[in-house]
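Reading through the C-alpha coordinates given below for one structure.
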Amino acid sequence: MNVDNTSAIDFKKEILRLKEEKNAIILAHYYQKGEIQDIADHIGDSLALAQIASTLDADIIVLCGVHFMGETAKILCPDKKVLVPDMAAGCSLADSCPADSFKEFVSQYPDHTVISYVNTSAAVKALTDIVVTSSNAMKIVESLPAEEKIIFGPDRNLGRYISSVTGRDMVIWDGACHVHEQFSLEKIVELKKKHPMAHVLVHPECKKSVQLLADCTGSTAALLDYAVNSDIKEFIVATESGILHQMRKSCPDKLFIPAPPEDSVCACNDCSFMKLNTMEKLYKCLLDESPEVTVDADVAEKAKLPILRMLEMSKK
(Lines give C-alpha, C1' and ligand atoms only; values in the text may rest on other atoms or scores of the structure.)
Protein backbone atom coordinates (compact mmCIF):
# COMPACT_ATOMS: atom_id res chain seq x y z
CA MET A 1 0.00 0.00 0.00
CA ASN A 2 1.32 3.46 -0.85
CA VAL A 3 1.13 5.22 2.51
CA ASP A 4 1.78 8.60 0.88
CA ASN A 5 -1.50 8.38 -1.05
CA THR A 6 -3.58 8.88 2.06
CA SER A 7 -6.56 10.43 0.26
CA ALA A 8 -7.68 6.97 -0.88
CA ILE A 9 -7.39 5.35 2.56
CA ASP A 10 -10.39 4.61 4.77
CA PHE A 11 -8.70 5.69 7.98
CA LYS A 12 -11.33 4.28 10.32
CA LYS A 13 -11.23 0.85 8.65
CA GLU A 14 -7.42 0.77 8.61
CA ILE A 15 -7.09 1.95 12.21
CA LEU A 16 -9.43 -0.80 13.39
CA ARG A 17 -7.50 -3.38 11.35
CA LEU A 18 -4.11 -2.29 12.65
CA LYS A 19 -5.40 -2.09 16.20
CA GLU A 20 -6.49 -5.71 16.12
CA GLU A 21 -3.41 -6.87 14.22
CA LYS A 22 -1.02 -5.25 16.68
CA ASN A 23 -2.97 -5.80 19.91
CA ALA A 24 -3.20 -2.06 20.41
CA ILE A 25 -5.54 -0.03 22.61
CA ILE A 26 -6.54 3.55 21.80
CA LEU A 27 -7.10 5.94 24.70
CA ALA A 28 -8.57 9.37 23.94
CA HIS A 29 -9.08 12.44 26.09
CA TYR A 30 -12.43 14.23 26.06
CA TYR A 31 -10.76 17.18 24.31
CA GLN A 32 -9.94 15.19 21.17
CA LYS A 33 -11.85 15.59 17.93
CA GLY A 34 -15.15 13.71 17.88
CA GLU A 35 -14.05 11.16 15.26
CA ILE A 36 -11.07 10.18 17.41
CA GLN A 37 -13.25 9.87 20.51
CA ASP A 38 -15.62 7.65 18.55
CA ILE A 39 -12.91 5.21 17.43
CA ALA A 40 -11.15 5.01 20.81
CA ASP A 41 -11.44 1.97 23.06
CA HIS A 42 -11.64 4.22 26.11
CA ILE A 43 -12.28 7.93 26.52
CA GLY A 44 -11.98 9.97 29.67
CA ASP A 45 -10.30 12.74 31.59
CA SER A 46 -6.73 12.55 32.87
CA LEU A 47 -7.64 10.52 35.96
CA ALA A 48 -9.67 7.96 34.02
CA LEU A 49 -6.96 7.56 31.37
CA ALA A 50 -4.31 7.02 34.07
CA GLN A 51 -6.50 4.47 35.84
CA ILE A 52 -7.20 2.62 32.59
CA ALA A 53 -3.57 2.67 31.44
CA SER A 54 -2.46 1.03 34.70
CA THR A 55 -4.67 -2.01 34.01
CA LEU A 56 -4.12 -2.70 30.30
CA ASP A 57 -2.62 -5.89 28.87
CA ALA A 58 -2.23 -4.61 25.30
CA ASP A 59 1.15 -4.58 23.57
CA ILE A 60 0.69 -1.01 22.30
CA ILE A 61 -1.07 1.97 23.89
CA VAL A 62 -1.94 4.86 21.59
CA LEU A 63 -2.62 7.94 23.70
CA CYS A 64 -4.68 10.49 21.80
CA GLY A 65 -4.17 13.51 23.96
CA VAL A 66 -1.08 15.56 24.72
CA HIS A 67 2.49 14.58 25.47
CA PHE A 68 2.34 14.51 29.28
CA MET A 69 -0.52 12.00 29.06
CA GLY A 70 1.68 9.73 26.95
CA GLU A 71 4.44 10.09 29.55
CA THR A 72 2.04 9.13 32.35
CA ALA A 73 0.93 6.03 30.44
CA LYS A 74 4.57 5.05 29.80
CA ILE A 75 5.49 5.53 33.45
CA LEU A 76 2.61 3.28 34.52
CA CYS A 77 3.23 0.74 31.73
CA PRO A 78 7.01 0.61 31.17
CA ASP A 79 6.78 -2.72 29.34
CA LYS A 80 4.27 -1.35 26.80
CA LYS A 81 5.01 0.61 23.65
CA VAL A 82 3.27 3.97 24.12
CA LEU A 83 2.57 6.06 21.03
CA VAL A 84 1.12 9.51 20.44
CA PRO A 85 -0.16 10.55 17.00
CA ASP A 86 1.66 13.90 17.10
CA MET A 87 4.66 14.50 19.35
CA ALA A 88 4.13 18.25 19.00
CA ALA A 89 0.89 17.98 21.01
CA GLY A 90 2.17 19.69 24.12
CA CYS A 91 0.47 21.57 26.95
CA SER A 92 0.73 25.26 27.81
CA LEU A 93 0.11 24.50 31.49
CA ALA A 94 2.90 21.91 31.61
CA ASP A 95 5.16 24.33 29.74
CA SER A 96 4.46 27.01 32.35
CA CYS A 97 6.28 24.88 34.94
CA PRO A 98 9.84 23.97 33.82
CA ALA A 99 11.34 21.26 36.04
CA ASP A 100 14.50 23.19 36.92
CA SER A 101 12.53 26.26 37.99
CA PHE A 102 10.04 24.14 39.94
CA LYS A 103 12.89 22.33 41.71
CA GLU A 104 14.31 25.68 42.87
CA PHE A 105 10.81 26.79 43.96
CA VAL A 106 10.26 23.60 45.97
CA SER A 107 13.66 23.95 47.65
CA GLN A 108 12.46 27.18 49.26
CA TYR A 109 9.79 25.26 51.23
CA PRO A 110 11.56 22.13 52.51
CA ASP A 111 8.87 21.24 55.06
CA HIS A 112 6.01 21.24 52.53
CA THR A 113 4.19 18.37 50.81
CA VAL A 114 4.44 18.87 47.06
CA ILE A 115 1.21 18.31 45.14
CA SER A 116 1.45 18.56 41.37
CA TYR A 117 -1.35 18.61 38.86
CA VAL A 118 -1.15 15.80 36.31
CA ASN A 119 -0.69 18.47 33.59
CA THR A 120 3.06 18.47 34.15
CA SER A 121 6.13 16.84 32.65
CA ALA A 122 7.51 13.58 34.02
CA ALA A 123 10.45 15.58 35.39
CA VAL A 124 8.12 17.74 37.49
CA LYS A 125 6.22 14.68 38.69
CA ALA A 126 9.58 13.28 39.84
CA LEU A 127 9.85 16.28 42.21
CA THR A 128 6.38 15.65 43.59
CA ASP A 129 4.92 13.83 46.59
CA ILE A 130 1.38 13.37 45.22
CA VAL A 131 0.03 13.88 41.71
CA VAL A 132 -3.59 15.00 41.37
CA THR A 133 -6.13 15.66 38.64
CA SER A 134 -9.03 18.09 38.68
CA SER A 135 -11.26 15.09 39.48
CA ASN A 136 -9.53 14.19 42.74
CA ALA A 137 -7.45 17.22 43.78
CA MET A 138 -10.03 18.50 46.27
CA LYS A 139 -10.49 15.16 48.02
CA ILE A 140 -6.77 14.46 48.17
CA VAL A 141 -6.00 17.86 49.69
CA GLU A 142 -8.82 17.42 52.21
CA SER A 143 -7.51 13.97 53.15
CA LEU A 144 -4.23 15.44 54.38
CA PRO A 145 -3.89 16.62 58.00
CA ALA A 146 -5.19 20.16 58.50
CA GLU A 147 -1.79 21.37 59.65
CA GLU A 148 0.03 19.95 56.60
CA LYS A 149 1.97 22.56 54.65
CA ILE A 150 1.34 22.24 50.92
CA ILE A 151 2.93 23.39 47.69
CA PHE A 152 0.47 23.20 44.79
CA GLY A 153 1.48 23.49 41.17
CA PRO A 154 1.30 24.45 38.46
CA ASP A 155 -2.24 25.79 37.89
CA ARG A 156 -2.90 28.91 39.95
CA ASN A 157 -6.64 28.95 39.25
CA LEU A 158 -7.18 25.36 40.33
CA GLY A 159 -4.93 25.89 43.35
CA ARG A 160 -6.78 29.02 44.44
CA TYR A 161 -10.13 27.30 43.94
CA ILE A 162 -9.09 24.36 46.12
CA SER A 163 -7.68 26.71 48.75
CA SER A 164 -10.90 28.76 48.83
CA VAL A 165 -13.10 25.69 49.29
CA THR A 166 -10.91 23.76 51.74
CA GLY A 167 -9.51 26.72 53.66
CA ARG A 168 -6.00 25.28 53.25
CA ASP A 169 -3.17 27.79 53.06
CA MET A 170 -1.15 26.56 50.07
CA VAL A 171 1.93 27.92 48.34
CA ILE A 172 0.83 28.01 44.70
CA TRP A 173 2.97 27.99 41.56
CA ASP A 174 2.00 30.74 39.11
CA GLY A 175 1.03 28.73 36.03
CA ALA A 176 -2.09 28.52 33.88
CA CYS A 177 -3.76 26.82 30.92
CA HIS A 178 -4.01 29.19 27.96
CA VAL A 179 -7.39 27.75 26.95
CA HIS A 180 -9.13 28.05 30.32
CA GLU A 181 -7.57 31.45 31.03
CA GLN A 182 -9.15 32.90 27.88
CA PHE A 183 -12.84 32.48 28.62
CA SER A 184 -14.62 35.81 28.49
CA LEU A 185 -16.65 36.80 31.54
CA GLU A 186 -18.52 39.44 29.52
CA LYS A 187 -19.43 37.05 26.69
CA ILE A 188 -20.65 34.41 29.13
CA VAL A 189 -22.84 37.04 30.82
CA GLU A 190 -24.26 37.95 27.40
CA LEU A 191 -24.98 34.28 26.65
CA LYS A 192 -26.70 33.95 30.01
CA LYS A 193 -28.99 36.85 29.10
CA LYS A 194 -29.97 35.05 25.87
CA HIS A 195 -30.37 31.72 27.69
CA PRO A 196 -31.56 32.67 31.20
CA MET A 197 -32.50 29.08 32.10
CA ALA A 198 -29.08 27.70 31.12
CA HIS A 199 -26.72 26.39 33.77
CA VAL A 200 -23.09 27.44 33.50
CA LEU A 201 -20.53 24.63 33.70
CA VAL A 202 -16.99 25.76 34.55
CA HIS A 203 -13.68 23.95 34.80
CA PRO A 204 -11.63 25.00 37.88
CA GLU A 205 -8.70 25.96 35.64
CA CYS A 206 -10.78 29.01 34.67
CA LYS A 207 -10.28 32.39 36.29
CA LYS A 208 -12.14 33.11 39.54
CA SER A 209 -14.37 35.70 37.84
CA VAL A 210 -15.67 32.97 35.50
CA GLN A 211 -15.95 30.43 38.32
CA LEU A 212 -18.26 32.83 40.18
CA LEU A 213 -20.82 32.45 37.38
CA ALA A 214 -20.85 28.65 37.67
CA ASP A 215 -23.77 26.46 38.60
CA CYS A 216 -21.27 23.62 38.60
CA THR A 217 -17.48 23.85 38.88
CA GLY A 218 -15.66 20.59 38.28
CA SER A 219 -13.40 18.39 36.20
CA THR A 220 -14.28 17.51 32.63
CA ALA A 221 -15.82 14.24 33.76
CA ALA A 222 -17.73 15.96 36.57
CA LEU A 223 -19.20 18.52 34.17
CA LEU A 224 -20.32 15.71 31.85
CA ASP A 225 -21.93 13.84 34.76
CA TYR A 226 -23.71 16.99 35.91
CA ALA A 227 -25.15 17.59 32.44
CA VAL A 228 -26.28 13.98 32.08
CA ASN A 229 -27.97 13.82 35.49
CA SER A 230 -29.51 17.31 35.50
CA ASP A 231 -33.09 18.12 34.55
CA ILE A 232 -31.83 21.38 33.02
CA LYS A 233 -32.04 21.46 29.21
CA GLU A 234 -29.52 24.21 28.37
CA PHE A 235 -25.88 24.57 29.40
CA ILE A 236 -23.14 27.11 28.79
CA VAL A 237 -19.88 25.16 28.91
CA ALA A 238 -16.60 26.83 29.94
CA THR A 239 -14.00 24.21 29.20
CA GLU A 240 -12.28 22.95 26.05
CA SER A 241 -14.88 22.40 23.34
CA GLY A 242 -14.05 18.74 22.72
CA ILE A 243 -16.23 17.71 25.68
CA LEU A 244 -19.30 18.98 23.82
CA HIS A 245 -19.09 15.90 21.57
CA GLN A 246 -19.73 13.55 24.49
CA MET A 247 -22.28 15.87 26.07
CA ARG A 248 -24.30 15.98 22.86
CA LYS A 249 -24.01 12.23 22.35
CA SER A 250 -25.11 11.55 25.93
CA CYS A 251 -27.90 14.15 25.93
CA PRO A 252 -29.20 14.68 22.38
CA ASP A 253 -32.28 16.46 23.75
CA LYS A 254 -30.24 19.14 25.51
CA LEU A 255 -28.54 22.29 24.21
CA PHE A 256 -24.83 22.77 24.90
CA ILE A 257 -23.39 26.21 24.15
CA PRO A 258 -19.60 26.66 24.15
CA ALA A 259 -18.40 29.62 26.17
CA PRO A 260 -16.34 31.91 23.90
CA PRO A 261 -12.80 33.17 24.53
CA GLU A 262 -11.96 36.84 24.99
CA ASP A 263 -9.83 37.50 21.93
CA SER A 264 -11.74 35.76 19.18
CA VAL A 265 -14.96 35.98 17.22
CA CYS A 266 -15.07 32.17 17.32
CA ALA A 267 -17.95 30.75 19.33
CA CYS A 268 -15.80 28.10 21.00
CA ASN A 269 -12.45 27.67 22.72
CA ASP A 270 -10.19 24.92 21.34
CA CYS A 271 -6.86 23.63 22.57
CA SER A 272 -4.65 23.80 19.48
CA PHE A 273 -2.38 21.12 20.96
CA MET A 274 -5.22 18.63 21.49
CA LYS A 275 -6.50 19.25 17.99
CA LEU A 276 -3.12 18.39 16.40
CA ASN A 277 -4.13 14.74 16.54
CA THR A 278 -6.06 13.62 13.46
CA MET A 279 -7.36 10.35 12.04
CA GLU A 280 -4.59 10.36 9.44
CA LYS A 281 -1.91 10.82 12.11
CA LEU A 282 -3.54 8.11 14.24
CA TYR A 283 -3.44 5.74 11.27
CA LYS A 284 0.22 6.48 10.49
CA CYS A 285 1.08 6.22 14.16
CA LEU A 286 -0.29 2.69 14.31
CA LEU A 287 1.18 1.74 10.94
CA ASP A 288 4.72 2.89 11.77
CA GLU A 289 4.50 2.41 15.55
CA SER A 290 5.84 5.93 15.88
CA PRO A 291 6.21 8.49 17.42
CA GLU A 292 6.99 6.54 20.58
CA VAL A 293 7.00 8.13 24.03
CA THR A 294 10.09 7.46 26.13
CA VAL A 295 10.85 8.55 29.68
CA ASP A 296 14.28 8.49 31.33
CA ALA A 297 14.37 5.44 33.63
CA ASP A 298 15.49 7.38 36.72
CA VAL A 299 12.85 10.08 36.16
CA ALA A 300 10.17 7.44 35.53
CA GLU A 301 11.03 5.61 38.74
CA LYS A 302 10.71 8.79 40.81
CA ALA A 303 7.59 10.00 38.98
CA LYS A 304 5.77 6.68 39.34
CA LEU A 305 5.50 6.88 43.13
CA PRO A 306 3.39 10.08 43.32
CA ILE A 307 1.19 8.82 40.47
CA LEU A 308 0.58 5.54 42.30
CA ARG A 309 -0.17 7.48 45.48
CA MET A 310 -2.83 9.39 43.55
CA LEU A 311 -4.38 6.21 42.17
CA GLU A 312 -4.39 4.59 45.62
CA MET A 313 -5.83 7.66 47.36
CA SER A 314 -8.50 7.93 44.63
CA LYS A 315 -9.77 4.47 45.56
CA LYS A 316 -10.42 5.42 49.18
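By order in the C-alpha coordinates, chains are A, B, ...; within a chain, residues start at 1; ligands start at 1, following the order shown.
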For stretch 23-27 of chain A, work out the shell of residues within 7 Å, counting only C-alpha atoms and skipping chain neighbours fewer than 3 positions away, then give it as a list in words.
Lys19, Glu20, Ala40, Asp41, His42, Ile43, Leu49, Ala58, Asp59, Ile60, Ile61, Val62, Leu63 and Cys64 of chain A
Counting only C-alpha atoms, what is within 7 Å of A:Leu255, bar same-chain residues fewer than 4 positions away, as a list in words?
Lys233, Glu234 and Phe235 of chain A
Dump as a short mmCIF file (atom, residue, chain, number, x, y, z; two decimals), in the first residue's frame, selection limited to all heavy atoms:
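And here is the file that came out, result.cif:
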```
data_model
loop_
_atom_site.label_atom_id
_atom_site.label_comp_id
_atom_site.auth_asym_id
_atom_site.auth_seq_id
_atom_site.Cartn_x
_atom_site.Cartn_y
_atom_site.Cartn_z
N LYS A 233 -32.12 21.80 30.64
CA LYS A 233 -32.04 21.46 29.21
C LYS A 233 -31.03 22.31 28.44
O LYS A 233 -30.76 22.03 27.27
CB LYS A 233 -33.43 21.64 28.57
CG LYS A 233 -34.47 20.66 29.10
CD LYS A 233 -34.11 19.22 28.78
CE LYS A 233 -35.19 18.26 29.24
NZ LYS A 233 -34.84 16.86 28.94
N GLU A 234 -30.48 23.35 29.06
CA GLU A 234 -29.52 24.21 28.37
C GLU A 234 -28.30 24.44 29.26
O GLU A 234 -28.44 24.65 30.47
CB GLU A 234 -30.15 25.56 28.01
CG GLU A 234 -31.29 25.47 27.02
CD GLU A 234 -31.81 26.85 26.62
OE1 GLU A 234 -31.39 27.85 27.24
OE2 GLU A 234 -32.63 26.92 25.69
N PHE A 235 -27.13 24.41 28.65
CA PHE A 235 -25.88 24.57 29.40
C PHE A 235 -24.91 25.46 28.62
O PHE A 235 -24.77 25.31 27.40
CB PHE A 235 -25.22 23.22 29.66
CG PHE A 235 -26.08 22.26 30.44
CD1 PHE A 235 -26.94 21.40 29.80
CD2 PHE A 235 -26.02 22.24 31.83
CE1 PHE A 235 -27.74 20.51 30.50
CE2 PHE A 235 -26.81 21.36 32.56
CZ PHE A 235 -27.69 20.50 31.89
#
```
Produce a table with one row for each residue of stretch 129-149 of chain A that has an atom at most 12 Å from any atom of stretch 212-222 of chain A, each row naming the nearest atom pair and its distance in Å at one decimal; use only C-alpha atoms; arrange rows by chain and rising residue number; format as a tab-separated table.
```
residue	atom	partner	partner_atom	distance
A:Val132	CA	A:Ser219	CA	11.6
A:Thr133	CA	A:Ser219	CA	8.1
A:Ser134	CA	A:Ser219	CA	5.0
A:Ser135	CA	A:Ser219	CA	5.1
A:Asn136	CA	A:Ser219	CA	8.7
A:Ala137	CA	A:Ser219	CA	9.7
A:Met138	CA	A:Gly218	CA	10.0
```
Pull all heavy atoms from the residues just selected and write them as a JSON list (two decimals), in the first residue's frame.
```json
[["chain", "number", "residue", "atom", "x", "y", "z"],
["A", 132, "VAL", "N", -2.13, 14.92, 41.32],
["A", 132, "VAL", "CA", -3.59, 15.00, 41.37],
["A", 132, "VAL", "C", -4.13, 15.39, 40.00],
["A", 132, "VAL", "O", -3.40, 15.88, 39.14],
["A", 132, "VAL", "CB", -4.09, 16.04, 42.41],
["A", 132, "VAL", "CG1", -3.65, 15.65, 43.81],
["A", 132, "VAL", "CG2", -3.59, 17.45, 42.06],
["A", 133, "THR", "N", -5.41, 15.16, 39.80],
["A", 133, "THR", "CA", -6.13, 15.66, 38.64],
["A", 133, "THR", "C", -7.24, 16.57, 39.15],
["A", 133, "THR", "O", -7.50, 16.64, 40.36],
["A", 133, "THR", "CB", -6.74, 14.53, 37.80],
["A", 133, "THR", "OG1", -7.86, 13.98, 38.50],
["A", 133, "THR", "CG2", -5.72, 13.43, 37.51],
["A", 134, "SER", "N", -7.92, 17.24, 38.24],
["A", 134, "SER", "CA", -9.03, 18.09, 38.68],
["A", 134, "SER", "C", -10.17, 17.27, 39.26],
["A", 134, "SER", "O", -11.00, 17.79, 40.01],
["A", 134, "SER", "CB", -9.53, 18.96, 37.52],
["A", 134, "SER", "OG", -9.85, 18.18, 36.39],
["A", 135, "SER", "N", -10.21, 15.97, 38.94],
["A", 135, "SER", "CA", -11.26, 15.09, 39.48],
["A", 135, "SER", "C", -11.05, 14.76, 40.95],
["A", 135, "SER", "O", -12.01, 14.58, 41.69],
["A", 135, "SER", "CB", -11.32, 13.77, 38.69],
["A", 135, "SER", "OG", -11.77, 13.98, 37.39],
["A", 136, "ASN", "N", -9.78, 14.67, 41.37],
["A", 136, "ASN", "CA", -9.53, 14.19, 42.74],
["A", 136, "ASN", "C", -8.74, 15.16, 43.60],
["A", 136, "ASN", "O", -8.49, 14.88, 44.77],
["A", 136, "ASN", "CB", -8.81, 12.84, 42.70],
["A", 136, "ASN", "CG", -7.47, 12.90, 41.97],
["A", 136, "ASN", "OD1", -6.86, 13.95, 41.85],
["A", 136, "ASN", "ND2", -7.02, 11.76, 41.48],
["A", 137, "ALA", "N", -8.32, 16.30, 43.04],
["A", 137, "ALA", "CA", -7.45, 17.22, 43.78],
["A", 137, "ALA", "C", -8.08, 17.67, 45.10],
["A", 137, "ALA", "O", -7.42, 17.69, 46.15],
["A", 137, "ALA", "CB", -7.10, 18.43, 42.92],
["A", 138, "MET", "N", -9.35, 18.01, 45.07],
["A", 138, "MET", "CA", -10.03, 18.50, 46.27],
["A", 138, "MET", "C", -10.02, 17.44, 47.37],
["A", 138, "MET", "O", -9.66, 17.71, 48.53],
["A", 138, "MET", "CB", -11.47, 18.89, 45.93],
["A", 138, "MET", "CG", -12.20, 19.57, 47.05],
["A", 138, "MET", "SD", -11.80, 21.32, 47.16],
["A", 138, "MET", "CE", -12.58, 21.91, 45.66]]
```
For A:Ile115, the nearest of the candidates A:Ala176, A:Met87, A:Cys271, A:Val171, counting only C-alpha atoms
A:Val171
Can you list, as a ChimeraX atom specification, all residues belonging to stretch 80-166 of chain A that DSSP tags as helix (DSSP H, G or I)?
/A:92-95,99-107,122-125,137-143,156-166
Atom pair atom CA of A:Cys91 / atom CA of A:Phe68: separation (Å)
7.7 Å
